[in-house]
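Asker: Compact mmCIF, C-alpha atoms (C1' of nucleotides), file protein39.txt:
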```txt
# COMPACT_ATOMS: atom_id res chain seq x y z
CA MET A 1 71.98 -25.14 103.71
CA ALA A 2 72.07 -21.67 105.12
CA LYS A 3 72.26 -18.82 102.67
CA ILE A 4 75.63 -17.26 102.43
CA ASN A 5 76.73 -13.91 101.12
CA TYR A 6 79.74 -13.15 98.98
CA TRP A 7 82.28 -10.39 99.47
CA LEU A 8 85.47 -9.08 97.99
CA MET A 9 88.42 -8.17 100.17
CA LYS A 10 91.50 -6.39 98.94
CA SER A 11 95.01 -6.77 100.19
CA GLU A 12 98.36 -5.82 98.80
CA PRO A 13 100.33 -8.99 98.14
CA ASP A 14 103.50 -7.33 99.45
CA VAL A 15 101.74 -6.75 102.76
CA TYR A 16 99.55 -9.82 103.01
CA GLY A 17 98.91 -12.04 100.02
CA ILE A 18 97.09 -15.26 99.28
CA GLU A 19 100.30 -17.22 99.87
CA ASP A 20 100.50 -15.85 103.39
CA LEU A 21 96.96 -16.96 104.10
CA LYS A 22 97.62 -20.38 102.60
CA LYS A 23 100.55 -20.78 104.93
CA GLU A 24 98.75 -19.54 108.04
CA THR A 25 95.40 -21.16 107.20
CA GLU A 26 93.56 -18.33 108.91
CA THR A 27 94.05 -14.71 109.81
CA LEU A 28 92.47 -11.70 111.46
CA TRP A 29 91.50 -9.23 108.77
CA ASP A 30 92.55 -6.20 110.76
CA GLY A 31 93.68 -2.69 109.96
CA ILE A 32 90.43 -1.61 108.30
CA ARG A 33 90.11 2.12 108.97
CA ASN A 34 87.30 3.09 106.70
CA TYR A 35 83.77 3.21 108.03
CA GLN A 36 82.11 1.93 104.90
CA ALA A 37 84.42 -1.06 104.75
CA ARG A 38 83.97 -1.64 108.47
CA ASN A 39 80.21 -1.58 108.14
CA PHE A 40 80.32 -4.15 105.39
CA MET A 41 82.50 -6.29 107.62
CA ARG A 42 79.96 -5.94 110.39
CA SER A 43 77.26 -7.38 108.21
CA MET A 44 79.27 -10.49 107.42
CA LYS A 45 78.11 -13.80 108.78
CA ILE A 46 80.06 -16.87 109.69
CA ASN A 47 80.45 -19.11 106.64
CA ASP A 48 80.10 -16.24 104.20
CA GLN A 49 82.72 -16.38 101.49
CA ALA A 50 85.04 -13.72 100.18
CA PHE A 51 87.09 -13.32 97.05
CA PHE A 52 90.69 -12.50 97.88
CA TYR A 53 91.79 -9.61 95.68
CA HIS A 54 95.39 -8.56 95.19
CA SER A 55 95.65 -4.79 94.89
CA ASN A 56 98.46 -2.40 94.12
CA CYS A 57 100.35 -4.96 92.08
CA LYS A 58 100.47 -6.11 88.51
CA PRO A 59 98.14 -7.27 87.51
CA PRO A 60 95.60 -6.55 90.23
CA GLY A 61 92.90 -9.19 90.41
CA ILE A 62 91.06 -11.99 92.18
CA VAL A 63 93.35 -14.78 93.24
CA GLY A 64 91.54 -16.95 95.77
CA MET A 65 88.69 -17.70 98.06
CA MET A 66 88.24 -17.30 101.80
CA LYS A 67 85.63 -18.16 104.37
CA VAL A 68 84.42 -16.09 107.31
CA GLU A 69 85.22 -17.84 110.59
CA GLY A 70 84.55 -15.08 113.09
CA VAL A 71 82.72 -11.77 113.06
CA ARG A 72 82.68 -8.54 115.02
CA LEU A 73 86.00 -9.24 116.67
CA VAL A 74 87.79 -6.30 118.20
CA ASP A 75 90.68 -5.22 116.02
CA PRO A 76 93.65 -5.38 118.40
CA THR A 77 95.83 -3.07 116.30
CA GLN A 78 93.75 -0.02 117.24
CA PHE A 79 95.15 -0.17 120.78
CA ASP A 80 98.71 -0.93 119.79
CA SER A 81 100.67 2.30 119.80
CA ASN A 82 103.41 0.62 117.79
CA SER A 83 101.04 -0.32 115.02
CA LYS A 84 100.46 1.83 111.99
CA TYR A 85 96.79 1.17 112.61
CA PHE A 86 96.87 2.62 116.13
CA ASP A 87 93.86 4.84 116.76
CA PRO A 88 94.20 7.12 119.80
CA LYS A 89 90.54 8.02 119.55
CA SER A 90 89.34 4.50 120.09
CA SER A 91 88.59 3.26 123.59
CA GLN A 92 88.62 -0.21 125.15
CA LYS A 93 85.09 0.40 126.30
CA GLU A 94 83.82 1.31 122.89
CA PRO A 95 86.25 0.03 120.29
CA ARG A 96 85.81 1.87 117.06
CA TRP A 97 87.19 -0.79 114.76
CA ASP A 98 86.53 -4.44 114.45
CA CYS A 99 87.55 -7.20 112.14
CA THR A 100 86.71 -10.67 110.95
CA LYS A 101 88.62 -13.89 111.08
CA MET A 102 89.11 -15.37 107.64
CA SER A 103 90.23 -18.84 106.67
CA TYR A 104 91.84 -20.10 103.51
CA ILE A 105 89.66 -22.03 101.10
CA GLY A 106 91.91 -22.08 98.08
CA LYS A 107 93.61 -20.40 95.21
CA PHE A 108 92.19 -20.20 91.70
CA GLU A 109 94.21 -21.92 89.05
CA LYS A 110 94.18 -18.90 86.78
CA GLY A 111 92.52 -16.12 88.74
CA ILE A 112 91.01 -13.15 86.97
CA ASN A 113 92.57 -9.74 86.66
CA LEU A 114 91.02 -6.30 86.79
CA ASP A 115 91.12 -5.77 83.03
CA GLN A 116 89.14 -8.94 82.47
CA LEU A 117 86.69 -8.03 85.21
CA LYS A 118 86.16 -4.65 83.59
CA GLU A 119 85.38 -6.35 80.30
CA LEU A 120 82.95 -8.77 81.88
CA TYR A 121 81.05 -6.57 84.29
CA LYS A 122 79.36 -3.25 84.52
CA PRO A 123 79.73 -1.17 87.66
CA GLU A 124 76.13 -2.04 88.60
CA ASP A 125 77.02 -5.71 88.73
CA LEU A 126 80.44 -5.40 90.29
CA GLN A 127 81.26 -2.42 92.50
CA LEU A 128 84.94 -3.11 92.07
CA VAL A 129 84.96 -1.81 88.51
CA ARG A 130 83.28 1.44 89.43
CA LYS A 131 85.50 4.35 88.56
CA GLY A 132 87.46 5.70 91.47
CA ASN A 133 86.45 2.85 93.72
CA ARG A 134 88.79 2.62 96.67
CA LEU A 135 86.79 0.51 99.04
CA SER A 136 88.80 -2.41 100.37
CA ILE A 137 85.80 -4.51 101.36
CA MET A 138 82.63 -4.73 99.35
CA PRO A 139 79.69 -7.06 98.78
CA ILE A 140 79.46 -9.07 95.58
CA LYS A 141 76.03 -9.75 94.15
CA LYS A 142 75.14 -13.41 94.42
CA GLU A 143 74.60 -13.74 90.66
CA THR A 144 77.97 -12.18 89.95
CA ALA A 145 79.66 -14.29 92.60
CA LEU A 146 78.25 -17.57 91.32
CA GLU A 147 79.11 -16.66 87.77
CA LEU A 148 82.65 -15.80 88.78
CA LEU A 149 83.02 -19.06 90.65
CA GLN A 150 81.83 -20.89 87.55
CA LYS A 151 84.43 -19.13 85.43
CA LEU A 152 87.23 -19.52 87.92
CA GLY A 153 86.69 -23.18 88.66
CA ASN A 154 87.22 -24.79 92.01
CA PRO A 155 89.66 -23.12 94.35
CA ILE A 156 92.69 -25.30 94.91
CA PRO A 157 93.44 -25.84 98.60
C1' DG B 1 106.25 8.09 90.86
C1' DC B 2 102.07 10.40 89.35
C1' DC B 3 97.61 11.66 90.17
C1' DA B 4 92.37 11.06 90.26
C1' DA B 5 89.01 10.15 93.33
C1' DC B 6 87.65 9.88 97.38
C1' DG B 7 87.33 10.11 102.81
C1' DT B 8 88.52 12.68 106.95
C1' DT B 9 89.57 16.57 109.75
C1' DG B 10 89.12 20.88 111.75
C1' DG B 11 88.35 25.90 111.54
C1' DC B 12 84.73 28.88 111.23
C1' DG C 1 76.92 22.25 108.86
C1' DC C 2 80.02 23.93 105.26
C1' DC C 3 84.16 23.41 102.90
C1' DA C 4 89.23 23.86 102.23
C1' DA C 5 93.17 21.39 103.20
C1' DC C 6 95.12 17.28 103.78
C1' DG C 7 95.82 12.20 103.63
C1' DT C 8 95.12 7.73 101.42
C1' DT C 9 94.12 4.28 97.99
C1' DG C 10 95.33 2.05 94.12
C1' DG C 11 95.47 1.97 89.01
C1' DC C 12 98.51 3.32 85.59
```
For this file, write the structure as structure tokens.
Answerer:
Amino acid sequence: MAKINYWLMKSEPDVYGIEDLKKETETLWDGIRNYQARNFMRSMKINDQAFFYHSNCKPPGIVGMMKVEGVRLVDPTQFDSNSKYFDPKSSQKEPRWDCTKMSYIGKFEKGINLDQLKELYKPEDLQLVRKGNRLSIMPIKKETALELLQKLGNPIP
DNA sequence: GCCAACGTTGGC
DNA sequence: GCCAACGTTGGC
């Protein structure tokens, strides 16, 4: 089996939550306008897995699991002048922003919230709990990811 | 709604 | 290339 990498992707449940993904089965993870996050997205591979994190809600935390279905896709919202993600500085020839296609794997029965994650992990082991961290996409160390999956149990489709 | 911690922009 | 001003994220 090919080696896969693990990631964490944040979304506000009011904007796009795990229930939306469950319903749609798959989605384009667009609207990323931060270079660091974009670069992480660019290093994703098909079949990589990502923890779905609900941010800006109470309590914030990991709620489900996704799989990468497509990589380095052009983010269509950058060319849409009606979109809040419209970027006038991007060009069709050299699109500045791209995105991945993610599919729904499942939801964790209990999930794990930020407080618990802070208790369990140091910033070195989980970037998410680093103070002032605002990155919406980040890699998760394999050890940490596997341990989390153990704790969380199987995602429920 | 506040604000800390960034990231980005633009003048110089 | 510096840095002040501004905007955004996201926890609280």
Asker: Could you tell me which residues of chain A sit within 9 Å of chain C when counting only C-alpha atoms (C1' of nucleotides), and give me the result as number ranges by chain?
Answerer: A: 55-57, 60, 133-136
Asker: Restricting the calculation to only C-alpha atoms, which member of A:Tyr35, A:Tyr6, A:Tyr16, A:Tyr121 is positioned closest to A:Asp98?
Answerer: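 Looking only at the distances to A:Asp98, the closest residue turns out to be A:Tyr35.
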Asker: Just give me the gap between atom CA of A:Gly70 and atom CA of A:Leu114 in Å, one decimal is fine.
Answerer: 28.5 Å
Asker: What is the atom CA of A:Gly17 to atom CA of A:Gly61 distance in Å?
Answerer: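 Interatomic distance here is 11.7 Å.
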Asker: Find the residues around stretch 85-89 of chain A up to 12 Å (only C-alpha atoms (C1' of nucleotides) counted), leave out those fewer than 2 positions away in its own chain, and share them as a PyMOL selection string.
Answerer: chain A and resi 30-34+75-83+91-98
Asker: Work out how far apart atom CA of A:Leu73 and atom CA of A:Thr25 are and give it in Å to one decimal.
Answerer: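 Interatomic distance here is 17.9 Å.
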Asker: Report as an NGL selection string all protein, DNA and RNA residues lying within 10 Å of A:Glu19, evaluated on all atoms listed in the file, omitting residues in the same chain fewer than 3 positions from it.
Answerer: :A and (13 or 16 or 22-25 or 63-64 or 104 or 106-107)
Asker: Return stretch 54-75 of chain A, completed with N, CA and C atoms, as an mmCIF file, keeping the file's coordinate frame.
Answerer:
```
data_model
loop_
_atom_site.group_PDB
_atom_site.id
_atom_site.type_symbol
_atom_site.label_atom_id
_atom_site.label_comp_id
_atom_site.auth_asym_id
_atom_site.auth_seq_id
_atom_site.Cartn_x
_atom_site.Cartn_y
_atom_site.Cartn_z
ATOM 1 N N HIS A 54 94.062 -9.172 95.039
ATOM 2 C CA HIS A 54 95.390 -8.560 95.190
ATOM 3 C C HIS A 54 95.365 -7.158 94.569
ATOM 4 N N SER A 55 95.652 -6.170 95.376
ATOM 5 C CA SER A 55 95.650 -4.790 94.890
ATOM 6 C C SER A 55 97.058 -4.221 94.877
ATOM 7 N N ASN A 56 97.192 -3.119 94.167
ATOM 8 C CA ASN A 56 98.460 -2.400 94.120
ATOM 9 C C ASN A 56 99.613 -3.299 93.672
ATOM 10 N N CYS A 57 99.347 -4.050 92.616
ATOM 11 C CA CYS A 57 100.350 -4.960 92.080
ATOM 12 C C CYS A 57 100.019 -5.150 90.608
ATOM 13 N N LYS A 58 100.850 -5.844 89.889
ATOM 14 C CA LYS A 58 100.470 -6.110 88.510
ATOM 15 C C LYS A 58 100.456 -7.594 88.217
ATOM 16 N N PRO A 59 99.358 -8.061 87.644
ATOM 17 C CA PRO A 59 98.140 -7.270 87.510
ATOM 18 C C PRO A 59 97.286 -7.426 88.768
ATOM 19 N N PRO A 60 96.526 -6.383 89.122
ATOM 20 C CA PRO A 60 95.600 -6.550 90.230
ATOM 21 C C PRO A 60 94.475 -7.500 89.823
ATOM 22 N N GLY A 61 93.986 -8.281 90.754
ATOM 23 C CA GLY A 61 92.900 -9.190 90.410
ATOM 24 C C GLY A 61 92.547 -10.164 91.516
ATOM 25 N N ILE A 62 91.523 -10.980 91.232
ATOM 26 C CA ILE A 62 91.060 -11.990 92.180
ATOM 27 C C ILE A 62 91.960 -13.207 92.095
ATOM 28 N N VAL A 63 92.413 -13.666 93.242
ATOM 29 C CA VAL A 63 93.350 -14.780 93.240
ATOM 30 C C VAL A 63 92.872 -16.007 94.022
ATOM 31 N N GLY A 64 91.941 -15.802 94.960
ATOM 32 C CA GLY A 64 91.540 -16.950 95.770
ATOM 33 C C GLY A 64 90.245 -16.742 96.498
ATOM 34 N N MET A 65 89.963 -17.692 97.345
ATOM 35 C CA MET A 65 88.690 -17.700 98.060
ATOM 36 C C MET A 65 88.923 -17.901 99.553
ATOM 37 N N MET A 66 88.119 -17.188 100.341
ATOM 38 C CA MET A 66 88.240 -17.300 101.800
ATOM 39 C C MET A 66 86.865 -17.530 102.401
ATOM 40 N N LYS A 67 86.871 -17.963 103.642
ATOM 41 C CA LYS A 67 85.630 -18.160 104.370
ATOM 42 C C LYS A 67 85.676 -17.373 105.681
ATOM 43 N N VAL A 68 84.515 -16.844 106.063
ATOM 44 C CA VAL A 68 84.420 -16.090 107.310
ATOM 45 C C VAL A 68 84.289 -17.058 108.492
ATOM 46 N N GLU A 69 85.212 -16.955 109.417
ATOM 47 C CA GLU A 69 85.220 -17.840 110.590
ATOM 48 C C GLU A 69 84.761 -17.139 111.849
ATOM 49 N N GLY A 70 84.932 -15.824 111.887
ATOM 50 C CA GLY A 70 84.550 -15.080 113.090
ATOM 51 C C GLY A 70 84.188 -13.662 112.707
ATOM 52 N N VAL A 71 83.180 -13.117 113.395
ATOM 53 C CA VAL A 71 82.720 -11.770 113.060
ATOM 54 C C VAL A 71 82.707 -10.852 114.279
ATOM 55 N N ARG A 72 82.758 -9.571 113.987
ATOM 56 C CA ARG A 72 82.680 -8.540 115.020
ATOM 57 C C ARG A 72 83.720 -8.730 116.125
ATOM 58 N N LEU A 73 84.903 -9.105 115.718
ATOM 59 C CA LEU A 73 86.000 -9.240 116.670
ATOM 60 C C LEU A 73 86.683 -7.891 116.798
ATOM 61 N N VAL A 74 87.118 -7.583 117.996
ATOM 62 C CA VAL A 74 87.790 -6.300 118.200
ATOM 63 C C VAL A 74 89.142 -6.334 117.501
ATOM 64 N N ASP A 75 89.408 -5.317 116.711
ATOM 65 C CA ASP A 75 90.680 -5.220 116.020
ATOM 66 C C ASP A 75 91.752 -4.790 117.022
#
```
